[in-house]
file work_30.cif (mmCIF, C-alpha atoms and all ligand atoms)
data_upload
loop_
_atom_site.label_atom_id
_atom_site.label_comp_id
_atom_site.auth_asym_id
_atom_site.auth_seq_id
_atom_site.Cartn_x
_atom_site.Cartn_y
_atom_site.Cartn_z
CA MET A 540 138.91 57.37 140.80
CA THR A 541 138.19 59.01 137.51
CA SER A 542 139.41 57.57 134.28
CA SER A 543 139.05 60.88 132.51
CA THR A 544 142.17 62.57 131.25
CA ARG A 545 140.14 65.58 130.24
CA PRO A 546 140.57 68.61 132.54
CA PHE A 547 137.57 69.12 134.79
CA LEU A 548 137.25 72.83 134.10
CA ASN A 549 135.85 73.45 130.66
CA ARG A 550 137.59 75.41 127.95
CA ARG A 551 135.31 78.41 128.32
CA LEU A 552 136.54 79.03 131.86
CA ALA A 553 140.03 77.55 131.82
CA GLU A 554 141.77 80.85 131.19
CA PHE A 555 140.27 82.58 134.21
CA GLY A 556 141.62 80.78 137.29
CA THR A 557 140.87 82.30 140.71
CA THR A 558 139.73 85.91 140.79
CA ILE A 559 142.49 88.34 141.61
CA PHE A 560 140.34 89.72 144.45
CA ALA A 561 140.19 86.40 146.29
CA GLU A 562 143.88 85.78 145.65
CA MET A 563 144.95 89.17 146.94
CA SER A 564 142.62 89.21 149.97
CA ALA A 565 144.02 85.80 150.95
CA LEU A 566 147.54 87.17 150.54
CA ALA A 567 146.67 90.12 152.79
CA LEU A 568 145.29 87.79 155.45
CA ARG A 569 148.27 85.43 155.24
CA THR A 570 150.85 88.20 155.53
CA GLY A 571 148.93 90.45 157.94
CA SER A 572 149.12 93.25 155.35
CA ILE A 573 146.83 96.23 154.93
CA ASN A 574 144.38 95.20 152.22
CA LEU A 575 144.02 97.95 149.63
CA GLY A 576 143.31 95.28 147.02
CA GLN A 577 139.71 94.06 146.98
CA GLY A 578 137.25 96.94 146.91
CA PHE A 579 135.16 96.70 150.05
CA PRO A 580 134.70 99.29 152.81
CA ASP A 581 136.13 98.39 156.22
CA THR A 582 133.20 100.05 157.99
CA ASP A 583 129.55 99.22 157.50
CA GLY A 584 127.01 101.53 155.93
CA PRO A 585 124.32 103.55 157.78
CA GLU A 586 123.22 102.18 161.14
CA GLU A 587 119.53 102.69 160.33
CA VAL A 588 119.90 100.55 157.22
CA ARG A 589 121.59 97.81 159.22
CA GLU A 590 118.77 98.02 161.75
CA ALA A 591 116.22 97.79 158.95
CA ALA A 592 117.76 94.46 157.96
CA VAL A 593 117.62 93.23 161.57
CA ARG A 594 113.98 94.28 161.81
CA ALA A 595 113.09 92.50 158.59
CA LEU A 596 114.82 89.36 159.75
CA ARG A 597 113.12 89.44 163.17
CA ASP A 598 109.71 90.23 161.67
CA GLY A 599 110.03 87.30 159.33
CA ARG A 600 110.12 89.42 156.20
CA GLY A 601 112.28 87.87 153.50
CA ASN A 602 113.30 84.76 155.44
CA GLN A 603 111.57 82.63 152.82
CA TYR A 604 111.96 83.00 149.07
CA PRO A 605 111.11 86.54 148.05
CA PRO A 606 109.29 86.98 144.71
CA GLY A 607 111.46 86.18 141.67
CA PRO A 608 111.75 89.77 140.40
CA GLY A 609 112.45 91.12 143.92
CA ILE A 610 110.12 92.40 146.64
CA PRO A 611 107.69 95.10 145.44
CA GLU A 612 108.98 97.58 148.08
CA LEU A 613 112.49 97.37 146.67
CA ARG A 614 111.43 97.52 143.04
CA THR A 615 109.38 100.60 143.82
CA ALA A 616 112.32 102.17 145.67
CA ILE A 617 114.68 101.46 142.75
CA ALA A 618 112.27 103.05 140.29
CA ALA A 619 111.83 106.06 142.60
CA HIS A 620 115.62 106.42 142.90
CA GLN A 621 116.07 106.46 139.11
CA GLU A 622 113.29 109.02 138.81
CA ARG A 623 114.53 111.25 141.65
CA ARG A 624 118.15 111.33 140.54
CA TYR A 625 117.99 111.04 136.78
CA GLU A 626 114.38 111.66 135.76
CA LEU A 627 114.35 108.15 134.32
CA SER A 628 111.00 106.57 134.75
CA TYR A 629 110.68 102.78 135.09
CA ASP A 630 107.66 100.69 135.95
CA PRO A 631 108.51 98.79 139.15
CA ASP A 632 106.45 95.79 138.01
CA THR A 633 107.79 95.29 134.51
CA GLU A 634 111.03 97.26 134.24
CA VAL A 635 112.94 96.53 137.45
CA LEU A 636 114.66 93.30 138.47
CA VAL A 637 116.46 92.66 141.76
CA THR A 638 119.57 90.48 141.48
CA ALA A 639 122.20 88.86 143.71
CA GLY A 640 124.53 91.85 143.45
CA ALA A 641 125.59 93.53 140.25
CA THR A 642 127.61 90.39 139.59
CA GLU A 643 124.48 88.37 138.90
CA ALA A 644 122.95 91.24 136.94
CA ILE A 645 125.99 91.22 134.63
CA ALA A 646 125.99 87.43 134.29
CA ALA A 647 122.25 87.17 133.67
CA SER A 648 122.29 90.01 131.14
CA LEU A 649 125.06 88.45 129.09
CA LEU A 650 123.66 84.92 129.36
CA ALA A 651 120.26 86.20 128.27
CA LEU A 652 121.22 88.58 125.50
CA LEU A 653 124.07 86.82 123.68
CA GLU A 654 124.04 84.08 121.11
CA PRO A 655 127.23 82.05 120.77
CA GLY A 656 129.67 83.97 118.59
CA ASP A 657 128.18 87.39 119.27
CA GLU A 658 130.82 90.04 119.80
CA VAL A 659 130.78 92.20 122.92
CA ILE A 660 132.80 95.39 123.11
CA ALA A 661 134.11 96.25 126.57
CA PHE A 662 136.61 98.81 127.72
CA GLU A 663 139.95 97.41 128.71
CA PRO A 664 140.96 97.30 131.56
CA TYR A 665 137.60 95.63 132.34
CA TYR A 666 136.09 94.44 135.59
CA ASP A 667 137.12 90.80 135.87
CA SER A 668 133.71 89.16 135.74
CA TYR A 669 132.94 90.69 132.32
CA ALA A 670 135.39 88.49 130.47
CA ALA A 671 134.30 85.35 132.32
CA CYS A 672 130.59 86.02 131.79
CA ILE A 673 131.03 86.80 128.10
CA ALA A 674 132.89 83.50 127.84
CA MET A 675 130.19 81.57 129.75
CA ALA A 676 127.62 83.03 127.36
CA GLY A 677 129.69 81.86 124.39
CA GLY A 678 130.33 85.42 123.27
CA LYS A 679 133.54 86.91 122.00
CA ARG A 680 135.01 89.87 123.83
CA VAL A 681 136.44 92.72 121.86
CA PRO A 682 138.42 95.03 124.10
CA VAL A 683 138.83 98.73 123.42
CA THR A 684 141.73 100.02 125.46
CA LEU A 685 141.48 103.09 127.68
CA ARG A 686 144.83 104.86 127.46
CA PRO A 687 146.58 107.26 129.83
CA HIS A 688 146.18 110.81 128.64
CA GLU A 689 146.92 113.91 130.72
CA GLY A 690 146.38 112.27 134.07
CA SER A 691 143.44 109.97 133.35
CA PHE A 692 142.55 106.96 131.23
CA ARG A 693 140.56 107.97 128.15
CA LEU A 694 138.53 106.29 125.49
CA ASP A 695 139.48 106.73 121.82
CA LEU A 696 136.11 107.12 120.12
CA ASP A 697 137.53 106.29 116.69
CA GLU A 698 138.89 103.05 118.07
CA LEU A 699 135.51 102.27 119.56
CA ARG A 700 133.75 102.91 116.24
CA ALA A 701 136.31 100.78 114.42
CA ALA A 702 135.73 97.89 116.82
CA VAL A 703 132.08 97.50 115.79
CA THR A 704 131.51 94.77 113.20
CA ASP A 705 128.47 93.03 111.76
CA ARG A 706 128.81 90.50 114.57
CA THR A 707 128.76 93.07 117.39
CA ARG A 708 125.65 92.55 119.51
CA LEU A 709 126.37 94.51 122.63
CA LEU A 710 128.40 97.28 124.23
CA LEU A 711 129.33 96.55 127.83
CA ILE A 712 129.94 99.94 129.39
CA ASN A 713 131.18 100.78 132.88
CA THR A 714 131.05 104.31 134.24
CA PRO A 715 132.39 105.32 136.75
CA HIS A 716 135.02 102.87 135.63
CA ASN A 717 136.76 100.23 137.72
CA PRO A 718 139.80 100.13 137.90
CA THR A 719 140.80 103.44 136.28
CA GLY A 720 138.34 105.78 138.05
CA THR A 721 137.41 107.36 134.71
CA VAL A 722 133.93 108.87 134.50
CA LEU A 723 132.69 109.12 130.94
CA THR A 724 131.84 112.67 129.89
CA ARG A 725 128.64 113.87 128.27
CA GLU A 726 130.47 114.10 124.92
CA GLU A 727 131.78 110.54 125.19
CA LEU A 728 128.40 109.17 126.22
CA THR A 729 126.70 111.06 123.41
CA ALA A 730 129.07 109.47 120.92
CA ILE A 731 128.55 106.01 122.42
CA ALA A 732 124.78 106.48 122.26
CA GLU A 733 124.92 107.62 118.63
CA LEU A 734 127.04 104.61 117.74
CA ALA A 735 124.66 102.21 119.52
CA VAL A 736 121.67 103.67 117.69
CA GLU A 737 123.43 103.78 114.31
CA ARG A 738 124.62 100.17 114.55
CA ASP A 739 121.55 98.95 116.43
CA LEU A 740 123.48 97.59 119.40
CA LEU A 741 122.27 96.58 122.83
CA VAL A 742 124.00 98.23 125.77
CA VAL A 743 124.61 96.82 129.21
CA THR A 744 125.87 99.59 131.47
CA ASP A 745 127.42 98.88 134.85
CA GLU A 746 126.86 101.98 136.96
CA VAL A 747 127.51 100.54 140.42
CA TYR A 748 129.67 103.54 141.37
CA GLU A 749 126.98 106.05 140.34
CA HIS A 750 127.12 107.77 143.75
CA LEU A 751 130.89 107.92 143.90
CA VAL A 752 131.87 110.76 141.57
CA PHE A 753 134.20 113.54 142.63
CA ASP A 754 135.17 117.12 141.84
CA ASP A 755 133.44 118.35 138.69
CA ALA A 756 132.57 114.91 137.38
CA GLU A 757 128.94 114.04 136.97
CA HIS A 758 127.42 110.60 136.62
CA LEU A 759 125.19 110.52 133.56
CA PRO A 760 123.29 107.27 133.02
CA LEU A 761 123.57 106.10 129.44
CA ALA A 762 119.83 105.36 129.44
CA THR A 763 119.13 109.11 129.59
CA PHE A 764 120.66 109.71 126.13
CA PRO A 765 118.50 109.86 123.00
CA GLY A 766 117.52 106.46 121.67
CA MET A 767 119.09 104.64 124.61
CA ARG A 768 116.32 103.83 127.03
CA GLU A 769 114.91 101.17 124.73
CA ARG A 770 118.24 99.41 124.16
CA THR A 771 119.94 99.75 127.54
CA VAL A 772 120.16 97.48 130.56
CA THR A 773 121.31 99.59 133.52
CA ILE A 774 122.91 97.91 136.52
CA GLY A 775 123.21 99.24 140.09
CA SER A 776 124.29 97.81 143.45
CA ALA A 777 123.55 98.44 147.12
CA GLY A 778 127.00 97.09 147.95
CA LYS A 779 128.66 100.17 146.50
CA SER A 780 126.03 102.80 147.19
CA PHE A 781 125.44 101.88 150.85
CA SER A 782 128.63 100.09 151.87
CA PHE A 783 127.12 96.65 152.37
CA THR A 784 129.05 94.61 149.83
CA GLY A 785 128.27 91.35 151.66
CA TRP A 786 124.53 91.72 151.24
CA LYS A 787 124.66 91.16 147.49
CA VAL A 788 121.69 93.22 146.47
CA GLY A 789 121.89 94.56 142.93
CA TRP A 790 119.38 95.50 140.26
CA VAL A 791 118.59 95.97 136.63
CA THR A 792 116.38 98.62 135.08
CA ALA A 793 115.38 98.21 131.44
CA THR A 794 112.37 97.96 129.14
CA PRO A 795 109.84 95.19 129.85
CA ALA A 796 111.23 93.03 127.02
CA LEU A 797 114.85 93.39 128.15
CA THR A 798 113.93 92.91 131.82
CA THR A 799 112.00 89.75 130.97
CA ALA A 800 114.97 88.44 129.00
CA VAL A 801 117.41 89.09 131.84
CA ARG A 802 114.99 87.55 134.35
CA SER A 803 114.78 84.42 132.21
CA ALA A 804 118.47 83.80 132.83
CA LYS A 805 118.50 85.12 136.40
CA GLN A 806 115.77 82.72 137.57
CA PHE A 807 118.06 79.77 136.84
CA LEU A 808 121.13 81.27 138.49
CA THR A 809 120.05 82.12 142.05
CA TYR A 810 116.29 82.39 141.42
CA VAL A 811 116.28 84.87 144.35
CA ALA A 812 118.67 86.06 147.06
CA SER A 813 119.14 88.31 150.09
CA GLY A 814 115.49 88.33 151.28
CA PRO A 815 115.68 90.45 154.48
CA PHE A 816 118.35 92.68 152.94
CA GLN A 817 116.00 93.62 150.14
CA TYR A 818 113.74 95.30 152.72
CA ALA A 819 116.67 97.20 154.17
CA VAL A 820 117.90 98.36 150.77
CA ALA A 821 114.41 99.62 149.94
CA GLU A 822 114.77 101.94 152.94
CA ALA A 823 118.34 102.87 152.04
CA LEU A 824 117.36 104.01 148.56
CA ALA A 825 114.92 106.47 150.12
CA LEU A 826 117.60 108.10 152.30
CA PRO A 827 117.72 111.87 151.88
CA ASP A 828 120.22 113.54 149.56
CA SER A 829 122.27 114.45 152.64
CA TYR A 830 123.27 110.77 153.01
CA PHE A 831 124.59 110.61 149.47
CA SER A 832 126.48 113.89 149.68
CA ALA A 833 128.08 112.97 153.03
CA PHE A 834 129.06 109.57 151.62
CA ARG A 835 130.64 111.21 148.63
CA ALA A 836 132.47 113.83 150.73
CA ASP A 837 133.87 111.12 153.00
CA MET A 838 135.16 109.09 150.04
CA LEU A 839 136.58 112.21 148.41
CA ALA A 840 138.64 112.97 151.52
CA LYS A 841 139.92 109.39 151.51
CA ARG A 842 140.75 109.60 147.82
CA ASP A 843 142.76 112.76 148.42
CA LEU A 844 144.59 111.28 151.40
CA LEU A 845 145.64 108.20 149.46
CA ALA A 846 146.38 110.05 146.21
CA THR A 847 148.67 112.51 147.98
CA GLY A 848 150.36 109.73 149.91
CA LEU A 849 150.94 107.59 146.84
CA ALA A 850 152.40 110.56 144.95
CA GLU A 851 154.71 111.32 147.88
CA ALA A 852 155.74 107.67 147.93
CA GLY A 853 156.89 108.06 144.32
CA PHE A 854 154.01 106.57 142.31
CA GLU A 855 152.52 108.36 139.33
CA VAL A 856 148.91 108.82 140.38
CA PHE A 857 145.88 108.90 138.09
CA LYS A 858 143.49 110.82 140.27
CA PRO A 859 140.13 109.12 139.85
CA ALA A 860 136.97 111.09 139.06
CA GLY A 861 134.93 108.25 140.55
CA THR A 862 134.86 104.77 142.20
CA TYR A 863 136.78 103.37 145.19
CA PHE A 864 140.07 103.05 143.35
CA ILE A 865 143.28 104.83 142.42
CA THR A 866 145.32 103.49 139.54
CA THR A 867 149.03 104.24 139.73
CA ASP A 868 152.01 103.81 137.42
CA ILE A 869 154.94 102.13 139.18
CA ARG A 870 157.59 103.09 136.62
CA PRO A 871 158.76 106.17 138.57
CA LEU A 872 159.74 103.69 141.31
CA GLY A 873 161.97 101.88 138.83
CA GLU A 874 159.46 99.02 138.47
CA THR A 875 157.79 97.77 135.31
CA ASP A 876 155.93 94.58 136.22
CA GLY A 877 152.78 95.20 138.30
CA PHE A 878 152.32 91.47 138.99
CA ALA A 879 155.78 91.07 140.46
CA PHE A 880 155.40 94.35 142.31
CA CYS A 881 152.08 93.32 143.91
CA ARG A 882 153.36 89.88 144.84
CA ALA A 883 156.37 91.43 146.59
CA LEU A 884 154.51 94.35 148.17
CA PRO A 885 153.29 92.53 151.33
CA GLU A 886 156.88 91.57 152.14
CA ARG A 887 158.34 94.94 151.22
CA ALA A 888 155.70 97.23 152.70
CA GLY A 889 152.93 95.24 154.36
CA VAL A 890 150.36 96.45 151.83
CA VAL A 891 148.29 94.59 149.25
CA ALA A 892 147.25 96.10 145.89
CA ILE A 893 145.91 94.78 142.58
CA PRO A 894 147.95 94.50 139.36
CA ASN A 895 145.79 96.08 136.66
CA ALA A 896 147.27 93.74 134.03
CA VAL A 897 144.71 91.09 135.05
CA PHE A 898 142.00 93.36 133.63
CA TYR A 899 143.60 93.42 130.16
CA ASP A 900 143.69 91.14 127.16
CA HIS A 901 146.70 93.16 126.03
CA ARG A 902 148.57 92.40 129.24
CA GLU A 903 151.56 94.48 128.20
CA ALA A 904 149.35 97.59 128.01
CA GLY A 905 148.45 97.13 131.68
CA ALA A 906 151.80 95.89 133.00
CA PRO A 907 153.00 98.98 134.90
CA PHE A 908 149.67 99.88 136.50
CA VAL A 909 148.64 98.99 140.03
CA ARG A 910 145.31 99.70 141.73
CA PHE A 911 144.83 100.77 145.37
CA ALA A 912 141.41 100.94 147.08
CA PHE A 913 140.69 103.94 149.31
CA CYS A 914 137.34 102.80 150.78
CA LYS A 915 139.10 102.23 154.11
CA GLN A 916 139.29 104.00 157.48
CA THR A 917 141.44 107.11 157.55
CA GLY A 918 143.85 105.58 160.06
CA VAL A 919 144.28 102.53 157.83
CA LEU A 920 145.04 104.70 154.80
CA GLU A 921 147.51 106.79 156.82
CA GLU A 922 149.34 103.69 157.98
CA ALA A 923 149.39 102.30 154.43
CA VAL A 924 150.85 105.56 153.12
CA LYS A 925 153.52 105.54 155.83
CA ARG A 926 154.51 102.02 154.85
CA LEU A 927 154.52 102.76 151.13
CA LYS A 928 156.75 105.79 151.62
CA ALA A 929 159.41 103.44 152.97
CA LEU A 930 159.61 101.92 149.47
CA ALA A 931 161.38 104.93 148.00
N1 LIG A 1001 130.79 95.94 138.66
C1 LIG A 1001 131.85 96.62 139.08
C2 LIG A 1001 132.47 97.63 138.18
C3 LIG A 1001 132.38 96.38 140.35
O1 LIG A 1001 133.45 97.04 140.77
C4 LIG A 1001 131.76 95.41 141.17
C5 LIG A 1001 132.25 95.03 142.51
N2 LIG A 1001 132.98 95.85 143.16
C6 LIG A 1001 130.66 94.74 140.69
C7 LIG A 1001 130.20 95.02 139.43
C8 LIG A 1001 129.96 93.68 141.49
O2 LIG A 1001 129.06 94.23 142.37
P1 LIG A 1001 128.28 93.36 143.45
O3 LIG A 1001 129.17 93.25 144.63
O4 LIG A 1001 127.04 94.14 143.71
O5 LIG A 1001 128.00 92.04 142.84
N1 LIG A 1002 134.46 94.82 142.76
C1 LIG A 1002 135.45 94.63 143.78
C2 LIG A 1002 136.77 95.17 143.29
O1 LIG A 1002 136.89 95.57 142.16
C3 LIG A 1002 135.63 93.19 144.13
C4 LIG A 1002 134.44 92.34 144.09
C5 LIG A 1002 134.82 90.90 144.13
O2 LIG A 1002 135.65 90.49 144.90
N2 LIG A 1002 134.23 90.13 143.27
O3 LIG A 1002 137.69 95.16 144.05
#

call {"tool": "encode", "arguments": {"input": "work_30.cif", "output": "structure tokens"}}
result
Amino acid sequence: MTSSTRPFLNRRLAEFGTTIFAEMSALALRTGSINLGQGFPDTDGPEEVREAAVRALRDGRGNQYPPGPGIPELRTAIAAHQERRYELSYDPDTEVLVTAGATEAIAASLLALLEPGDEVIAFEPYYDSYAACIAMAGGKRVPVTLRPHEGSFRLDLDELRAAVTDRTRLLLINTPHNPTGTVLTREELTAIAELAVERDLLVVTDEVYEHLVFDDAEHLPLATFPGMRERTVTIGSAGKSFSFTGWKVGWVTATPALTTAVRSAKQFLTYVASGPFQYAVAEALALPDSYFSAFRADMLAKRDLLATGLAEAGFEVFKPAGTYFITTDIRPLGETDGFAFCRALPERAGVVAIPNAVFYDHREAGAPFVRFAFCKQTGVLEEAVKRLKALA
């Protein structure tokens, strides 16, 4: 028995509860619903990459602790990928760090770079772990709200500039953006870069959906902008780029000093992870461009299928320029509360989705928005659309 009347969970974390993704995936399982909530593909990535993991495991590569910064093969492959795609050159030995998914990269970056009380600006709606990690690091989050404008969620650059104070240490950027699907434009990124340089801010940029951009959108890494390479920690993930979300292989590229700082925190979180998978991801990163374009084309077709279906079912659809996700507005269906809507959706339609309000500090700003994932098999999306049409 404990005599303590103090809650076990500390004040830094008390507001966060269980992640919405776990809650909604459990709801899908319990109700036998189609899970368009948590963003994970329902088919595995390339067979040869899966086989590479099997080979590594059988050959005894990575079954014991890999080196702290990640295996050299993977660090070299990450550096080569940044060079090939973006002409960004990083030294595999001093400027690349392998992490347990992008999740650990985000956590380690914030834990390493923030002093208690430092302000962090992040776009709202923000990916859920940002708020929790800022809190664990003792930082203060300052949300800048992306607002619907002509069919997509946009950043107000004046609002961003106004959010910077003398206490701002870091901009936490995410492009392509989860959950809205917004891809920041060259103009927006230029303005962000100028602001970071002018106010001498660090930037952590979560670019896990770098390969999932559609139509005319282009993914431009913030580190390629003038003055940014030296102040930017860039984060990527094999989960998203190769459809192996369970492998938890992510990475950081940054200057030697920033990489060392992030590694200082990372070594006390997992130390290392995903040994055999690191070998497989090294091979995946070297796949020819044809893999990446086929992957993108496949996801684009799925996006269009779901976007059309959701519109026909009566939702207002914000067609995403990137990511796995479509954000919708439920008000045309006569609904206003995304939480209530998502809780009732399994019963009403046998589908699970995510209420975007959980990604907001200003909950009311996110209330009518609901996110659906389209990284699912075509037949699954078709069945989901059929069920959702019955809502009208
Ligand atoms: N950042 C964003 C924007 C994400 O959507 C996700 C997960 N889907 C992550 C980070 C975490 O990535 P990982 O699974 O590699 O930890
Ligand atoms: N990033 C995924 C999403 O947005 C979920 C990852 C997780 O469950 N932590 O759906």

call {"tool": "closest_atom_pairs", "arguments": {"input": "work_30.cif", "of": "chain A", "to": "ligand LIG 1002 (chain A)", "cutoff": "7 Å", "atoms": "only C-alpha atoms and all ligand atoms", "output": "JSON lines"}}
result
{"residue": "A:Phe560", "atom": "CA", "partner": "A:LIG1002", "partner_atom": "O2", "distance": 4.8}
{"residue": "A:Ala561", "atom": "CA", "partner": "A:LIG1002", "partner_atom": "O2", "distance": 6.3}
{"residue": "A:Gly576", "atom": "CA", "partner": "A:LIG1002", "partner_atom": "O3", "distance": 6.4}
{"residue": "A:Gln577", "atom": "CA", "partner": "A:LIG1002", "partner_atom": "O3", "distance": 3.7}
{"residue": "A:Gly578", "atom": "CA", "partner": "A:LIG1002", "partner_atom": "O3", "distance": 3.4}
{"residue": "A:Phe579", "atom": "CA", "partner": "A:LIG1002", "partner_atom": "C1", "distance": 6.6}
{"residue": "A:Tyr666", "atom": "CA", "partner": "A:LIG1002", "partner_atom": "O1", "distance": 6.7}
{"residue": "A:Asn717", "atom": "CA", "partner": "A:LIG1002", "partner_atom": "O1", "distance": 6.4}
{"residue": "A:Pro718", "atom": "CA", "partner": "A:LIG1002", "partner_atom": "O1", "distance": 6.9}

call {"tool": "closest_atom_pairs", "arguments": {"input": "work_30.cif", "of": "range 662-779 of chain A", "to": "range 610-619 of chain A", "cutoff": "12 Å", "atoms": "only C-alpha atoms", "output": "CSV"}}
result
residue,atom,partner,partner_atom,distance
A:Thr773,CA,A:Ile617,CA,11.5
A:Ile774,CA,A:Ile617,CA,10.9
A:Gly775,CA,A:Ile617,CA,9.2
A:Ser776,CA,A:Ile617,CA,10.3
A:Ala777,CA,A:Ile617,CA,10.3

call {"tool": "residues_around", "arguments": {"input": "work_30.cif", "residues": "Ala929 in chain A", "least_positions_apart": "2", "cutoff": "8 Å", "atoms": "all atoms listed in the file", "output": "VMD selection string"}}
result
chain A and resid 852 888 925 to 927 931

call {"tool": "atom_distance", "arguments": {"input": "work_30.cif", "atom1": "CA of Arg551 in chain A", "atom2": "CA of Thr792 in chain A"}}
result
28.5 Å

call {"tool": "closest_atom_pairs", "arguments": {"input": "work_30.cif", "of": "chain A", "to": "ligand LIG 1001 (chain A)", "cutoff": "7 Å", "atoms": "only C-alpha atoms and all ligand atoms", "output": "tab-separated table"}}
result
residue	atom	partner	partner_atom	distance
A:Gly578	CA	A:LIG1001	N2	5.8
A:Ala639	CA	A:LIG1001	O5	6.7
A:Gly640	CA	A:LIG1001	O4	3.4
A:Ala641	CA	A:LIG1001	O4	3.8
A:Thr642	CA	A:LIG1001	O5	3.7
A:Glu643	CA	A:LIG1001	O5	6.4
A:Tyr666	CA	A:LIG1001	C2	5.5
A:Asn713	CA	A:LIG1001	C2	6.3
A:His716	CA	A:LIG1001	C2	6.4
A:Asn717	CA	A:LIG1001	C2	5.0
A:Asp745	CA	A:LIG1001	N1	5.9
A:Val747	CA	A:LIG1001	N1	5.9
A:Ser776	CA	A:LIG1001	O4	4.6
A:Ala777	CA	A:LIG1001	O4	6.5
A:Gly778	CA	A:LIG1001	O4	5.2
A:Lys779	CA	A:LIG1001	O4	6.8
A:Thr784	CA	A:LIG1001	O3	5.4
A:Lys787	CA	A:LIG1001	O4	5.4
A:Val788	CA	A:LIG1001	O4	6.1
A:Gly789	CA	A:LIG1001	O4	5.2

call {"tool": "closest_residue", "arguments": {"input": "work_30.cif", "among": "A:Phe783, A:Gln621, A:Ala796, A:Leu694", "to": "Ala819 in chain A", "atoms": "all atoms listed in the file"}}
result
A:Phe783

call {"tool": "closest_residue", "arguments": {"input": "work_30.cif", "among": "A:Asp632, A:Glu874, A:Glu587, A:Glu622", "to": "Gly609 in chain A", "atoms": "all atoms listed in the file"}}
result
A:Asp632

call {"tool": "residues_around", "arguments": {"input": "work_30.cif", "residues": "Pro760 in chain A", "least_positions_apart": "5", "cutoff": "9 Å", "atoms": "all atoms listed in the file", "output": "number ranges by chain"}}
result
A: 625, 714, 728, 744, 746, 749, 773

call {"tool": "atom_distance", "arguments": {"input": "work_30.cif", "atom1": "CA of Leu627 in chain A", "atom2": "CA of Ala646 in chain A"}}
result
23.8 Å

call {"tool": "closest_residue", "arguments": {"input": "work_30.cif", "among": "A:Ala732, A:Leu552, A:Leu920, A:Leu685", "to": "Gly905 in chain A", "atoms": "all atoms listed in the file"}}
result
A:Leu685
